[in-house]
Amino acid sequence: MPEMPPRLVEIVDEFATAPRDIVLELLLEYADAIGPLPSGHPDRAELEPVPECQTALFLRARVTPEGSVETIFDCPPEAATTRAFAGILAEGLAGARPAQVLAVPDDLYQRMGLTQAVSPLRIRGGTAVLARLKRQVREQTS
C-alpha cells in the first residue's frame with residue numbers, strides 16, 4: 001500500500017510534536033511558501049475554487065507526463081491560515097507520485113495537531129482543499 005510522501009510525513013511530525021506557540025509560527029512560515037501564480041501557469045479561471053474555505057482559495061493538481069503531481073494554489077496574501085494549509089500541501093506533495101497523494105489521510109490536519117491551534121471551520125476548509133486535490137489526481141489517473 002502506498003505511503004504519504006516522505007516530506008509530508010516530516011511536516012506532520014514537525015507540527016504534531018511542536019508546542020502550540022511554535023505551531024502558530026510554523027503555520028506562518030508555510031503561509032509564506034505560497035507566492036503569486038507563476039507566469040506560464042493557468043490563471044484563476046482555470047483553477048477550481050474551494051468554497052469551504054473562509055477566504056477565496058483556488059487550486060489545481062496536475063499529473064505531469066513524468067508521473068509526479070504538480071500543485072498550483074492561488075490565495076490572497078492576507079489569508080494566512082488558508083495559505084498555510086496550501087503551503088503545507090505544496091511543500092509536502094512536491095514531486096509526489098499520484099498514489100502517494102491519494103494515500104494522504106483525510107484527517108491530515110487533525111494528525112498534525114492543528115485542531116488545538118485553529119478553528120474547526122478552518123480545519124474543514126483545509127480538509128476540503130486536500131479532498132479536491134485528491135479528487136483531481138484520481139480523475140487524471142483513473
# chains A, B, ... in the order shown; residues from 1 in each chain; ligands from 1

call {"tool": "residues_around", "arguments": {"residues": "segment 33-38 of chain A", "least_positions_apart": "2", "cutoff": "10 Å", "atoms": "only C-alpha atoms", "output": "list in words"}}
result
Leu28, Glu29, Tyr30, Ala31, Gly40, His41, Pro42, Asp43, Arg44, Ile72, Phe73, Asp74, Cys75, Pro76, Pro77, Ala80, Arg83, Ala84, Phe85, Ala86, Gly87, Ile88, Ala90 and Glu91 of chain A

call {"tool": "residues_around", "arguments": {"residues": "Ala96 of chain A", "least_positions_apart": "4", "cutoff": "8 Å", "atoms": "only C-alpha atoms", "output": "PDB file with N, CA, C and O atoms, in the first residue's frame"}}
result
ATOM      1  N   PRO A   5       3.942  10.955   0.938  1.00  0.00           N
ATOM      2  CA  PRO A   5       5.276  11.408   0.547  1.00  0.00           C
ATOM      3  C   PRO A   5       6.132  11.664   1.796  1.00  0.00           C
ATOM      4  O   PRO A   5       5.628  12.198   2.792  1.00  0.00           O
ATOM      5  N   SER A  68       4.605  12.662 -11.822  1.00  0.00           N
ATOM      6  CA  SER A  68       4.547  13.287 -10.495  1.00  0.00           C
ATOM      7  C   SER A  68       3.378  14.268 -10.474  1.00  0.00           C
ATOM      8  O   SER A  68       2.829  14.621 -11.513  1.00  0.00           O
ATOM      9  N   VAL A  69       3.013  14.695  -9.278  1.00  0.00           N
ATOM     10  CA  VAL A  69       1.882  15.611  -9.124  1.00  0.00           C
ATOM     11  C   VAL A  69       2.418  17.021  -8.893  1.00  0.00           C
ATOM     12  O   VAL A  69       3.301  17.236  -8.056  1.00  0.00           O
ATOM     13  N   GLN A 100       0.924   8.312  -3.876  1.00  0.00           N
ATOM     14  CA  GLN A 100       1.310   8.912  -2.594  1.00  0.00           C
ATOM     15  C   GLN A 100       0.329  10.010  -2.192  1.00  0.00           C
ATOM     16  O   GLN A 100      -0.024  10.134  -1.024  1.00  0.00           O
ATOM     17  N   VAL A 101      -0.102  10.804  -3.166  1.00  0.00           N
ATOM     18  CA  VAL A 101      -1.071  11.864  -2.879  1.00  0.00           C
ATOM     19  C   VAL A 101      -2.383  11.237  -2.405  1.00  0.00           C
ATOM     20  O   VAL A 101      -2.982  11.674  -1.421  1.00  0.00           O
TER      21      VAL A 101
END

call {"tool": "closest_atom_pairs", "arguments": {"of": "segment 13-123 of chain A", "to": "segment 133-139 of chain A", "cutoff": "9 Å", "atoms": "only C-alpha atoms", "output": "Markdown table"}}
result
| residue | atom | partner | partner_atom | distance |
| --- | --- | --- | --- | --- |
| A:Leu59 | CA | A:Leu133 | CA | 7.6 |
| A:Arg60 | CA | A:Leu133 | CA | 6.8 |
| A:Ala61 | CA | A:Leu133 | CA | 5.6 |
| A:Arg62 | CA | A:Val137 | CA | 6.8 |
| A:Val63 | CA | A:Val137 | CA | 6.7 |
| A:Val69 | CA | A:Val137 | CA | 7.7 |
| A:Thr71 | CA | A:Leu133 | CA | 8.0 |
| A:Pro98 | CA | A:Val137 | CA | 6.3 |
| A:Ala99 | CA | A:Val137 | CA | 8.9 |
| A:Val101 | CA | A:Lys134 | CA | 6.5 |
| A:Leu102 | CA | A:Lys134 | CA | 5.6 |
| A:Ala103 | CA | A:Lys134 | CA | 9.0 |
| A:Val104 | CA | A:Lys134 | CA | 8.5 |

call {"tool": "select_by_dssp", "arguments": {"residues": "segment 15-134 of chain A", "states": "alpha helix (DSSP H)", "output": "mmCIF file with C-alpha atoms, in the first residue's frame"}}
result
data_model
loop_
_atom_site.group_PDB
_atom_site.id
_atom_site.type_symbol
_atom_site.label_atom_id
_atom_site.label_comp_id
_atom_site.auth_asym_id
_atom_site.auth_seq_id
_atom_site.Cartn_x
_atom_site.Cartn_y
_atom_site.Cartn_z
ATOM 1 C CA PHE A 15 3.649 20.015 13.732
ATOM 2 C CA ALA A 16 2.486 17.098 15.897
ATOM 3 C CA THR A 17 5.469 17.438 18.238
ATOM 4 C CA ARG A 20 1.269 25.378 20.436
ATOM 5 C CA ASP A 21 3.119 28.721 20.166
ATOM 6 C CA ILE A 22 5.599 27.158 17.736
ATOM 7 C CA VAL A 23 2.712 25.672 15.711
ATOM 8 C CA LEU A 24 1.433 29.174 15.001
ATOM 9 C CA GLU A 25 4.907 30.284 13.875
ATOM 10 C CA LEU A 26 5.200 27.214 11.633
ATOM 11 C CA LEU A 27 1.819 27.987 10.060
ATOM 12 C CA LEU A 28 3.031 31.486 9.191
ATOM 13 C CA GLU A 29 6.190 30.048 7.609
ATOM 14 C CA TYR A 30 4.138 27.732 5.386
ATOM 15 C CA ALA A 31 1.776 30.596 4.510
ATOM 16 C CA ALA A 80 -2.560 33.347 6.495
ATOM 17 C CA THR A 81 -4.233 30.142 7.708
ATOM 18 C CA THR A 82 -5.651 29.226 4.319
ATOM 19 C CA ARG A 83 -2.290 29.948 2.706
ATOM 20 C CA ALA A 84 -0.596 27.812 5.376
ATOM 21 C CA PHE A 85 -2.771 24.790 4.504
ATOM 22 C CA ALA A 86 -1.893 25.288 0.838
ATOM 23 C CA GLY A 87 1.803 25.772 1.677
ATOM 24 C CA ILE A 88 1.905 22.549 3.697
ATOM 25 C CA LEU A 89 0.417 20.636 0.776
ATOM 26 C CA ALA A 90 2.577 22.385 -1.837
ATOM 27 C CA GLU A 91 5.780 21.532 0.013
ATOM 28 C CA GLY A 92 4.700 18.149 1.339
ATOM 29 C CA LEU A 93 3.421 16.877 -2.007
ATOM 30 C CA PRO A 98 -0.268 10.076 -7.615
ATOM 31 C CA ALA A 99 -0.535 7.010 -5.335
ATOM 32 C CA GLN A 100 1.310 8.912 -2.594
ATOM 33 C CA VAL A 101 -1.071 11.864 -2.879
ATOM 34 C CA LEU A 102 -4.073 9.534 -2.723
ATOM 35 C CA LEU A 108 -4.257 15.091 7.919
ATOM 36 C CA TYR A 109 -4.687 18.355 9.826
ATOM 37 C CA GLN A 110 -6.041 16.584 12.907
ATOM 38 C CA ARG A 111 -2.981 14.268 12.853
ATOM 39 C CA PRO A 120 -12.886 23.794 13.294
ATOM 40 C CA LEU A 121 -14.191 25.940 10.422
ATOM 41 C CA ARG A 122 -10.645 26.474 9.142
ATOM 42 C CA ILE A 123 -9.805 22.771 9.583
ATOM 43 C CA ARG A 124 -12.862 21.953 7.462
ATOM 44 C CA GLY A 125 -11.591 24.329 4.757
ATOM 45 C CA GLY A 126 -8.138 22.712 4.802
ATOM 46 C CA THR A 127 -9.707 19.258 4.610
ATOM 47 C CA ALA A 128 -11.743 20.406 1.580
ATOM 48 C CA VAL A 129 -8.534 21.599 -0.124
ATOM 49 C CA LEU A 130 -6.976 18.162 0.342
ATOM 50 C CA ALA A 131 -10.146 16.404 -0.849
ATOM 51 C CA ARG A 132 -10.239 18.438 -4.059
ATOM 52 C CA LEU A 133 -6.565 17.806 -4.794
ATOM 53 C CA LYS A 134 -7.049 14.075 -4.286
#

call {"tool": "closest_residue", "arguments": {"among": "A:Ser119, A:Thr141, A:Gln54, A:Thr64", "to": "Glu78 of chain A", "atoms": "only C-alpha atoms"}}
result
A:Gln54

call {"tool": "atom_distance", "arguments": {"atom1": "atom CA of Ala79 of chain A", "atom2": "atom CA of Asp32 of chain A"}}
result
10.5 Å

call {"tool": "select_by_dssp", "arguments": {"residues": "chain A", "states": "strand (DSSP E or B)", "output": "compact mmCIF listing (two decimals) with N, CA and C atoms, in the first residue's frame"}}
result
# COMPACT_ATOMS: atom_id res chain seq x y z
N GLU A 48 -9.75 25.41 -9.67
CA GLU A 48 -11.01 25.07 -9.00
C GLU A 48 -11.13 25.83 -7.69
N PRO A 49 -12.27 26.49 -7.46
CA PRO A 49 -12.46 27.18 -6.19
C PRO A 49 -12.75 26.18 -5.07
N PHE A 58 -8.10 28.94 -4.64
CA PHE A 58 -8.27 28.24 -5.91
C PHE A 58 -7.09 27.30 -6.07
N LEU A 59 -7.32 26.14 -6.67
CA LEU A 59 -6.24 25.17 -6.78
C LEU A 59 -6.37 24.33 -8.04
N ARG A 60 -5.27 23.67 -8.33
CA ARG A 60 -5.25 22.68 -9.40
C ARG A 60 -4.13 21.69 -9.12
N ALA A 61 -4.45 20.42 -9.29
CA ALA A 61 -3.43 19.37 -9.23
C ALA A 61 -3.31 18.83 -10.64
N ARG A 62 -2.07 18.65 -11.06
CA ARG A 62 -1.83 18.15 -12.41
C ARG A 62 -0.82 17.01 -12.32
N VAL A 63 -1.18 15.89 -12.93
CA VAL A 63 -0.23 14.79 -13.02
C VAL A 63 0.62 15.05 -14.27
N VAL A 69 3.01 14.69 -9.28
CA VAL A 69 1.88 15.61 -9.12
C VAL A 69 2.42 17.02 -8.89
N GLU A 70 1.88 17.94 -9.66
CA GLU A 70 2.22 19.36 -9.51
C GLU A 70 0.99 20.05 -8.94
N THR A 71 1.17 20.87 -7.91
CA THR A 71 0.04 21.60 -7.33
C THR A 71 0.20 23.09 -7.60
N ILE A 72 -0.92 23.73 -7.84
CA ILE A 72 -0.95 25.18 -8.05
C ILE A 72 -2.03 25.73 -7.13
N PHE A 73 -1.67 26.76 -6.35
CA PHE A 73 -2.61 27.39 -5.43
C PHE A 73 -2.65 28.89 -5.68
N ASP A 74 -3.83 29.47 -5.51
CA ASP A 74 -3.97 30.92 -5.58
C ASP A 74 -4.84 31.33 -4.40

call {"tool": "decode", "arguments": {"residues": "segment 97-111 of chain A", "atoms": "all heavy atoms", "output": "PDB file, in the first residue's frame"}}
result
ATOM      1  N   ARG A  97       4.223  11.037  -6.242  1.00  0.00           N
ATOM      2  CA  ARG A  97       3.525  10.218  -7.230  1.00  0.00           C
ATOM      3  C   ARG A  97       2.039  10.269  -6.896  1.00  0.00           C
ATOM      4  O   ARG A  97       1.659  10.484  -5.744  1.00  0.00           O
ATOM      5  CB  ARG A  97       3.986   8.758  -7.167  1.00  0.00           C
ATOM      6  CG  ARG A  97       5.480   8.546  -7.268  1.00  0.00           C
ATOM      7  CD  ARG A  97       6.093   9.141  -8.421  1.00  0.00           C
ATOM      8  NE  ARG A  97       6.576   8.279  -9.478  1.00  0.00           N
ATOM      9  CZ  ARG A  97       6.989   8.793 -10.622  1.00  0.00           C
ATOM     10  NH1 ARG A  97       6.940  10.079 -10.835  1.00  0.00           N
ATOM     11  NH2 ARG A  97       7.441   8.026 -11.558  1.00  0.00           N
ATOM     12  N   PRO A  98       1.170  10.055  -7.881  1.00  0.00           N
ATOM     13  CA  PRO A  98      -0.268  10.076  -7.615  1.00  0.00           C
ATOM     14  C   PRO A  98      -0.689   9.150  -6.465  1.00  0.00           C
ATOM     15  O   PRO A  98      -1.492   9.550  -5.614  1.00  0.00           O
ATOM     16  CB  PRO A  98      -0.878   9.640  -8.943  1.00  0.00           C
ATOM     17  CG  PRO A  98       0.112  10.122  -9.966  1.00  0.00           C
ATOM     18  CD  PRO A  98       1.456   9.912  -9.322  1.00  0.00           C
ATOM     19  N   ALA A  99      -0.156   7.949  -6.404  1.00  0.00           N
ATOM     20  CA  ALA A  99      -0.535   7.010  -5.335  1.00  0.00           C
ATOM     21  C   ALA A  99      -0.182   7.566  -3.957  1.00  0.00           C
ATOM     22  O   ALA A  99      -0.911   7.334  -2.985  1.00  0.00           O
ATOM     23  CB  ALA A  99       0.131   5.654  -5.556  1.00  0.00           C
ATOM     24  N   GLN A 100       0.924   8.312  -3.876  1.00  0.00           N
ATOM     25  CA  GLN A 100       1.310   8.912  -2.594  1.00  0.00           C
ATOM     26  C   GLN A 100       0.329  10.010  -2.192  1.00  0.00           C
ATOM     27  O   GLN A 100      -0.024  10.134  -1.024  1.00  0.00           O
ATOM     28  CB  GLN A 100       2.724   9.487  -2.678  1.00  0.00           C
ATOM     29  CG  GLN A 100       3.812   8.454  -2.797  1.00  0.00           C
ATOM     30  CD  GLN A 100       5.172   9.112  -2.967  1.00  0.00           C
ATOM     31  OE1 GLN A 100       5.369   9.912  -3.886  1.00  0.00           O
ATOM     32  NE2 GLN A 100       6.093   8.796  -2.081  1.00  0.00           N
ATOM     33  N   VAL A 101      -0.102  10.804  -3.166  1.00  0.00           N
ATOM     34  CA  VAL A 101      -1.071  11.864  -2.879  1.00  0.00           C
ATOM     35  C   VAL A 101      -2.383  11.237  -2.405  1.00  0.00           C
ATOM     36  O   VAL A 101      -2.982  11.674  -1.421  1.00  0.00           O
ATOM     37  CB  VAL A 101      -1.298  12.762  -4.117  1.00  0.00           C
ATOM     38  CG1 VAL A 101      -2.431  13.752  -3.876  1.00  0.00           C
ATOM     39  CG2 VAL A 101      -0.013  13.490  -4.491  1.00  0.00           C
ATOM     40  N   LEU A 102      -2.815  10.191  -3.087  1.00  0.00           N
ATOM     41  CA  LEU A 102      -4.073   9.534  -2.723  1.00  0.00           C
ATOM     42  C   LEU A 102      -3.969   8.837  -1.373  1.00  0.00           C
ATOM     43  O   LEU A 102      -4.992   8.588  -0.726  1.00  0.00           O
ATOM     44  CB  LEU A 102      -4.499   8.558  -3.816  1.00  0.00           C
ATOM     45  CG  LEU A 102      -4.788   9.206  -5.177  1.00  0.00           C
ATOM     46  CD1 LEU A 102      -5.081   8.153  -6.226  1.00  0.00           C
ATOM     47  CD2 LEU A 102      -5.908  10.231  -5.083  1.00  0.00           C
ATOM     48  N   ALA A 103      -2.755   8.531  -0.914  1.00  0.00           N
ATOM     49  CA  ALA A 103      -2.558   7.877   0.381  1.00  0.00           C
ATOM     50  C   ALA A 103      -2.592   8.852   1.558  1.00  0.00           C
ATOM     51  O   ALA A 103      -2.606   8.428   2.716  1.00  0.00           O
ATOM     52  CB  ALA A 103      -1.229   7.120   0.379  1.00  0.00           C
ATOM     53  N   VAL A 104      -2.628  10.155   1.287  1.00  0.00           N
ATOM     54  CA  VAL A 104      -2.671  11.136   2.371  1.00  0.00           C
ATOM     55  C   VAL A 104      -4.002  10.964   3.106  1.00  0.00           C
ATOM     56  O   VAL A 104      -5.066  10.985   2.485  1.00  0.00           O
ATOM     57  CB  VAL A 104      -2.526  12.581   1.831  1.00  0.00           C
ATOM     58  CG1 VAL A 104      -2.702  13.597   2.953  1.00  0.00           C
ATOM     59  CG2 VAL A 104      -1.176  12.756   1.139  1.00  0.00           C
ATOM     60  N   PRO A 105      -3.961  10.789   4.423  1.00  0.00           N
ATOM     61  CA  PRO A 105      -5.205  10.584   5.171  1.00  0.00           C
ATOM     62  C   PRO A 105      -6.077  11.842   5.150  1.00  0.00           C
ATOM     63  O   PRO A 105      -5.565  12.964   5.201  1.00  0.00           O
ATOM     64  CB  PRO A 105      -4.743  10.245   6.581  1.00  0.00           C
ATOM     65  CG  PRO A 105      -3.348  10.771   6.676  1.00  0.00           C
ATOM     66  CD  PRO A 105      -2.780  10.760   5.283  1.00  0.00           C
ATOM     67  N   ASP A 106      -7.379  11.623   5.094  1.00  0.00           N
ATOM     68  CA  ASP A 106      -8.316  12.743   5.051  1.00  0.00           C
ATOM     69  C   ASP A 106      -8.263  13.590   6.324  1.00  0.00           C
ATOM     70  O   ASP A 106      -8.616  14.766   6.298  1.00  0.00           O
ATOM     71  CB  ASP A 106      -9.739  12.237   4.811  1.00  0.00           C
ATOM     72  CG  ASP A 106      -9.892  11.593   3.436  1.00  0.00           C
ATOM     73  OD1 ASP A 106      -9.104  11.928   2.522  1.00  0.00           O
ATOM     74  OD2 ASP A 106     -10.789  10.752   3.280  1.00  0.00           O
ATOM     75  N   ASP A 107      -7.831  12.991   7.432  1.00  0.00           N
ATOM     76  CA  ASP A 107      -7.736  13.728   8.700  1.00  0.00           C
ATOM     77  C   ASP A 107      -6.321  14.270   8.940  1.00  0.00           C
ATOM     78  O   ASP A 107      -5.871  14.393  10.075  1.00  0.00           O
ATOM     79  CB  ASP A 107      -8.205  12.857   9.867  1.00  0.00           C
ATOM     80  CG  ASP A 107      -7.301  11.650  10.099  1.00  0.00           C
ATOM     81  OD1 ASP A 107      -6.453  11.330   9.221  1.00  0.00           O
ATOM     82  OD2 ASP A 107      -7.434  11.022  11.162  1.00  0.00           O
ATOM     83  N   LEU A 108      -5.644  14.618   7.856  1.00  0.00           N
ATOM     84  CA  LEU A 108      -4.257  15.091   7.919  1.00  0.00           C
ATOM     85  C   LEU A 108      -4.060  16.181   8.964  1.00  0.00           C
ATOM     86  O   LEU A 108      -3.149  16.109   9.787  1.00  0.00           O
ATOM     87  CB  LEU A 108      -3.829  15.618   6.537  1.00  0.00           C
ATOM     88  CG  LEU A 108      -2.438  16.243   6.463  1.00  0.00           C
ATOM     89  CD1 LEU A 108      -1.377  15.159   6.612  1.00  0.00           C
ATOM     90  CD2 LEU A 108      -2.258  16.997   5.159  1.00  0.00           C
ATOM     91  N   TYR A 109      -4.898  17.204   8.948  1.00  0.00           N
ATOM     92  CA  TYR A 109      -4.687  18.355   9.826  1.00  0.00           C
ATOM     93  C   TYR A 109      -4.938  18.006  11.296  1.00  0.00           C
ATOM     94  O   TYR A 109      -4.291  18.553  12.187  1.00  0.00           O
ATOM     95  CB  TYR A 109      -5.521  19.547   9.363  1.00  0.00           C
ATOM     96  CG  TYR A 109      -5.157  19.931   7.945  1.00  0.00           C
ATOM     97  CD1 TYR A 109      -6.045  19.752   6.902  1.00  0.00           C
ATOM     98  CD2 TYR A 109      -3.895  20.433   7.653  1.00  0.00           C
ATOM     99  CE1 TYR A 109      -5.687  20.069   5.594  1.00  0.00           C
ATOM    100  CE2 TYR A 109      -3.530  20.758   6.350  1.00  0.00           C
ATOM    101  CZ  TYR A 109      -4.433  20.570   5.337  1.00  0.00           C
ATOM    102  OH  TYR A 109      -4.074  20.882   4.047  1.00  0.00           O
ATOM    103  N   GLN A 110      -5.839  17.053  11.538  1.00  0.00           N
ATOM    104  CA  GLN A 110      -6.041  16.584  12.907  1.00  0.00           C
ATOM    105  C   GLN A 110      -4.793  15.840  13.375  1.00  0.00           C
ATOM    106  O   GLN A 110      -4.348  16.013  14.509  1.00  0.00           O
ATOM    107  CB  GLN A 110      -7.276  15.668  12.999  1.00  0.00           C
ATOM    108  CG  GLN A 110      -8.594  16.403  12.827  1.00  0.00           C
ATOM    109  CD  GLN A 110      -9.019  16.604  11.367  1.00  0.00           C
ATOM    110  OE1 GLN A 110      -8.235  16.491  10.426  1.00  0.00           O
ATOM    111  NE2 GLN A 110     -10.281  16.945  11.177  1.00  0.00           N
ATOM    112  N   ARG A 111      -4.202  15.008  12.506  1.00  0.00           N
ATOM    113  CA  ARG A 111      -2.981  14.268  12.853  1.00  0.00           C
ATOM    114  C   ARG A 111      -1.826  15.207  13.146  1.00  0.00           C
ATOM    115  O   ARG A 111      -0.912  14.864  13.892  1.00  0.00           O
ATOM    116  CB  ARG A 111      -2.590  13.321  11.720  1.00  0.00           C
ATOM    117  CG  ARG A 111      -3.558  12.180  11.555  1.00  0.00           C
ATOM    118  CD  ARG A 111      -3.155  11.297  10.400  1.00  0.00           C
ATOM    119  NE  ARG A 111      -4.161  10.277  10.174  1.00  0.00           N
ATOM    120  CZ  ARG A 111      -3.878   9.032   9.821  1.00  0.00           C
ATOM    121  NH1 ARG A 111      -2.635   8.661   9.637  1.00  0.00           N
ATOM    122  NH2 ARG A 111      -4.848   8.170   9.641  1.00  0.00           N
TER     123      ARG A 111
END
